[in-house]
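K.L.:
One structure coming up, written as structure tokens, with questions to follow.
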Amino acid sequence: MTSSPSNRVLLVFILSASLASTIGGLPFNVLPVMLGSLADSFALDAKTTGLIGSICFAGYLVGTLGAPFWMNRVNWRLLTIVSAVGTAGSFALSSQVSTLEWLFVVWALIGFFASTMTCLGMRILSDLPDKVRAFGTRQGVELSVTAAVLFALPPLIISQFKYPGAALSLAAVVAILGLSAFWIPTGSLLKEEGASHGAPAIGAYLPNAAWRSLALFFIFLVGNIGLWAFLERIGSSLRIAPAEMGTVFAVLKLLGGVAAFFTAAVGERVGPTRAAWWVMGAVSLGLVLLHTASAFMSFALGAWMWEFAFTCGCVFHAASIARSDPSGRAVMLVPAIFALSSMAGPGLAGQIVADGNYLGLLGFALGSTLLPALVNFIRRPA
């Protein structure tokens, strides 16, 4: 005999999983602000700044690759507490270090502990029947919380207390988000039905369509994440004031939340080809605005347009990956793809902008967006 959780229980699980997942998304969502603050506090050049971002997501990758093998075997509430403490502690420790080598270590730890929260959120939501809406809601909650953080971080914290103050503030935010552990399920929602997902075996085969979808998602992410890592530096080159920078990034994440909820509402009604071309057009418009920006408003409009389109693209790609593999194994690799692209993107971007010219970085993001759209058009013409 099977039983299913009530709608109210499912809603609580979605919200708690989304809040826990917000811990996992925090290092990425505040990356440009934190890297910019690090660069200013430690007088880092572009290559070293990009390297720190890549090291963070090297730790993230280690966590995502290991999680499928042990996550189903542990108590998820306990896991949330341990990971929240680890992430908050690593942020706090990073505020006290004084050498570049220790910065590398603590940012790798931040990435590792945060990745377990992303994987846990994906794992909980993968049990739900409407995955597109579940993933869209998760990303919407995550970006809405991040927007609130970014409203305060640059103008109130970084401008006064530099990187150490920002790191301690994020440690406090993570501790608050960790309270979601009290509402996280202890294990799979499908255990009673005997249908819980097993950990994917090493070498388990995925359909060719799944590998193709994962590869296209990596291409889409790598250039756009490279741009994201240096978006604050672009604004700084235009002499955007700290208060204005905080407004740009806070509104940016609010728009990202709107974009995520928008794609959740649209659901499966938009095909992959149409979605890819729409995202490409909107990203291109944002990049053009960033290239021609000369002051606060033009920079803000470009960043906001780019974020809205980028977020829609992430949800559409995740949905495409979920559709490509009915067994549900492929979607569990989404955090790993995200980690790989987040390792490669900032490092490559740091090399591109080493001479202070951001045009090549904008072209990098455009190419990463254009190629998946072309492949979708060739393979599945509208």
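Residues are referred to by chain and number: the chain letter is A, B, ... according to the order shown in the structure tokens, the number counts from 1 in that chain, and ligands are numbered separately from 1 in the order shown.
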Skip region 39-54 of chain A itself and residues of its chain fewer than 4 positions away, then list as a ChimeraX atom specification all residues within 8 Å of it, counting only C-alpha atoms.
P.N.:
/A:31,35,58,103-104,107,162-163,229,342-351,353-354
K.L.:
Keeping only C-alpha atoms, write those residues as a compact mmCIF listing (two decimals), in the first residue's frame.
P.N.:
# COMPACT_ATOMS: atom_id res chain seq x y z
CA LEU A 31 30.80 35.70 -5.76
CA LEU A 35 35.85 38.52 -4.97
CA ALA A 58 37.01 22.86 -6.95
CA LEU A 103 42.54 32.00 1.63
CA PHE A 104 42.80 29.21 -0.94
CA TRP A 107 37.51 29.06 0.11
CA LYS A 162 35.83 45.44 4.04
CA TYR A 163 36.15 41.69 3.40
CA ALA A 229 32.68 36.47 -11.34
CA SER A 342 32.33 27.42 -11.90
CA MET A 343 35.89 26.09 -11.64
CA ALA A 344 36.68 26.82 -15.28
CA GLY A 345 34.73 30.07 -15.76
CA PRO A 346 36.38 32.44 -13.23
CA GLY A 347 39.86 31.17 -14.01
CA LEU A 348 39.42 31.63 -17.77
CA ALA A 349 37.77 34.99 -17.19
CA GLY A 350 40.72 36.11 -15.07
CA GLN A 351 43.06 35.30 -17.95
CA VAL A 353 40.60 40.37 -18.39
CA ALA A 354 44.21 40.37 -17.16
K.L.:
Do a neighbour search on Ser83 (chain A) at 12 Å with only C-alpha atoms, toss out local chain neighbours closer than 3 positions, and write the hits as a ChimeraX atom specification.
P.N.:
/A:20-21,23-24,63,76-80,86-90,109-120,174-175,177-181
K.L.:
With distances taken over only C-alpha atoms, which of A:Gln139, A:Ser320, A:Ser298, A:Asn208 is nearest to Leu15 (chain A)?
P.N.:
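Using only C-alpha atoms, the shortest distance to Leu15 (chain A) belongs to A:Gln139.
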K.L.:
What's the 12 Å shell around Phe308 (chain A), counting only C-alpha atoms, without same-chain residues fewer than 6 positions away, as a list of chain:residue names?
P.N.:
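The contact residues come out as A:Gly140, A:Leu143, A:Val251, A:Leu252, A:Lys253, A:Leu254, A:Leu255, A:Gly256, A:Gly257, A:Val258, A:Ala259, A:Ala260, A:Phe261, A:Phe262, A:Thr263, A:Trp278, A:Val279, A:Met280, A:Gly281, A:Ala282, A:Val283, A:Ser284, A:Leu285, A:Gly286, A:Leu301, A:Gly302, A:Cys314, A:Val315.
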K.L.:
Output C-alpha atoms for every residue in the selection just made, as a PDB file, in the first residue's frame.
P.N.:
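Saved the output as selection_21.pdb:
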ATOM      1  CA  GLY A 140      13.324  31.658  -6.864  1.00  0.00           C
ATOM      2  CA  LEU A 143      17.681  34.293  -5.281  1.00  0.00           C
ATOM      3  CA  VAL A 251      17.767  44.108  -7.680  1.00  0.00           C
ATOM      4  CA  LEU A 252      19.674  41.720  -9.953  1.00  0.00           C
ATOM      5  CA  LYS A 253      18.970  38.804  -7.628  1.00  0.00           C
ATOM      6  CA  LEU A 254      15.353  39.882  -7.170  1.00  0.00           C
ATOM      7  CA  LEU A 255      14.983  39.757 -10.943  1.00  0.00           C
ATOM      8  CA  GLY A 256      16.678  36.363 -10.910  1.00  0.00           C
ATOM      9  CA  GLY A 257      14.024  35.188  -8.451  1.00  0.00           C
ATOM     10  CA  VAL A 258      11.288  36.599 -10.685  1.00  0.00           C
ATOM     11  CA  ALA A 259      12.849  34.793 -13.646  1.00  0.00           C
ATOM     12  CA  ALA A 260      12.919  31.501 -11.737  1.00  0.00           C
ATOM     13  CA  PHE A 261       9.297  31.801 -10.646  1.00  0.00           C
ATOM     14  CA  PHE A 262       8.420  32.819 -14.225  1.00  0.00           C
ATOM     15  CA  THR A 263       9.958  29.653 -15.670  1.00  0.00           C
ATOM     16  CA  TRP A 278      14.857  33.458 -26.389  1.00  0.00           C
ATOM     17  CA  VAL A 279      17.592  33.184 -23.766  1.00  0.00           C
ATOM     18  CA  MET A 280      20.283  33.905 -26.347  1.00  0.00           C
ATOM     19  CA  GLY A 281      18.507  37.067 -27.530  1.00  0.00           C
ATOM     20  CA  ALA A 282      17.983  38.390 -24.004  1.00  0.00           C
ATOM     21  CA  VAL A 283      21.558  37.572 -22.898  1.00  0.00           C
ATOM     22  CA  SER A 284      22.892  39.305 -26.019  1.00  0.00           C
ATOM     23  CA  LEU A 285      20.914  42.447 -25.233  1.00  0.00           C
ATOM     24  CA  GLY A 286      22.277  42.479 -21.692  1.00  0.00           C
ATOM     25  CA  LEU A 301      20.167  47.736 -16.989  1.00  0.00           C
ATOM     26  CA  GLY A 302      22.721  45.507 -18.689  1.00  0.00           C
ATOM     27  CA  CYS A 314      19.614  27.707 -16.089  1.00  0.00           C
ATOM     28  CA  VAL A 315      16.083  26.490 -15.320  1.00  0.00           C
TER      29      VAL A 315
END
K.L.:
Choose the residue, out of A:Val288, A:Leu93, A:Val106, A:Met71, that has the smallest atom-to-atom separation from Gly187 (chain A); count only C-alpha atoms.
P.N.:
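Checking each candidate against Gly187 (chain A), we get A:Met71 as the closest.
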K.L.:
Residues of region 78-149 of chain A within 10 Å of region 5-14 of chain A: nearest atom pair and distance (Å, one decimal) for each, counting only C-alpha atoms, sorted by chain and number, as a Markdown table?
P.N.:
| residue | atom | partner | partner_atom | distance |
| --- | --- | --- | --- | --- |
| A:Gly121 | CA | A:Ile14 | CA | 8.5 |
| A:Ile124 | CA | A:Phe13 | CA | 7.8 |
| A:Leu125 | CA | A:Ile14 | CA | 6.8 |
| A:Leu128 | CA | A:Leu10 | CA | 8.2 |
| A:Ala134 | CA | A:Ile14 | CA | 7.1 |
| A:Phe135 | CA | A:Ile14 | CA | 9.3 |
| A:Thr137 | CA | A:Ile14 | CA | 8.0 |
| A:Arg138 | CA | A:Ile14 | CA | 7.3 |
| A:Val141 | CA | A:Ile14 | CA | 9.9 |
K.L.:
Take the residues from that selection and write them out as a PDB file, in the first residue's frame, keeping N, CA and C atoms.
P.N.:
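Output file selection01.pdb follows:
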ATOM      1  N   GLY A 121      19.299  19.793  -1.514  1.00  0.00           N
ATOM      2  CA  GLY A 121      18.102  20.430  -2.051  1.00  0.00           C
ATOM      3  C   GLY A 121      17.638  19.771  -3.333  1.00  0.00           C
ATOM      4  N   ILE A 124      16.106  16.246  -2.455  1.00  0.00           N
ATOM      5  CA  ILE A 124      14.750  16.285  -1.892  1.00  0.00           C
ATOM      6  C   ILE A 124      13.733  16.597  -2.983  1.00  0.00           C
ATOM      7  N   LEU A 125      14.021  17.605  -3.802  1.00  0.00           N
ATOM      8  CA  LEU A 125      13.062  18.043  -4.814  1.00  0.00           C
ATOM      9  C   LEU A 125      12.920  17.030  -5.945  1.00  0.00           C
ATOM     10  N   LEU A 128       9.754  14.945  -5.984  1.00  0.00           N
ATOM     11  CA  LEU A 128       8.459  15.569  -6.243  1.00  0.00           C
ATOM     12  C   LEU A 128       8.033  15.341  -7.689  1.00  0.00           C
ATOM     13  N   ALA A 134       9.261  22.541  -9.139  1.00  0.00           N
ATOM     14  CA  ALA A 134      10.018  22.419  -7.890  1.00  0.00           C
ATOM     15  C   ALA A 134      11.375  23.110  -8.003  1.00  0.00           C
ATOM     16  N   PHE A 135      12.096  22.866  -9.112  1.00  0.00           N
ATOM     17  CA  PHE A 135      13.407  23.476  -9.284  1.00  0.00           C
ATOM     18  C   PHE A 135      13.291  24.984  -9.486  1.00  0.00           C
ATOM     19  N   THR A 137      10.913  26.911  -8.212  1.00  0.00           N
ATOM     20  CA  THR A 137      10.607  27.492  -6.902  1.00  0.00           C
ATOM     21  C   THR A 137      11.864  27.564  -6.047  1.00  0.00           C
ATOM     22  N   ARG A 138      12.658  26.503  -6.063  1.00  0.00           N
ATOM     23  CA  ARG A 138      13.914  26.485  -5.301  1.00  0.00           C
ATOM     24  C   ARG A 138      14.807  27.647  -5.694  1.00  0.00           C
ATOM     25  N   VAL A 141      13.337  31.063  -4.506  1.00  0.00           N
ATOM     26  CA  VAL A 141      13.556  31.315  -3.075  1.00  0.00           C
ATOM     27  C   VAL A 141      15.015  31.659  -2.822  1.00  0.00           C
TER      28      VAL A 141
END
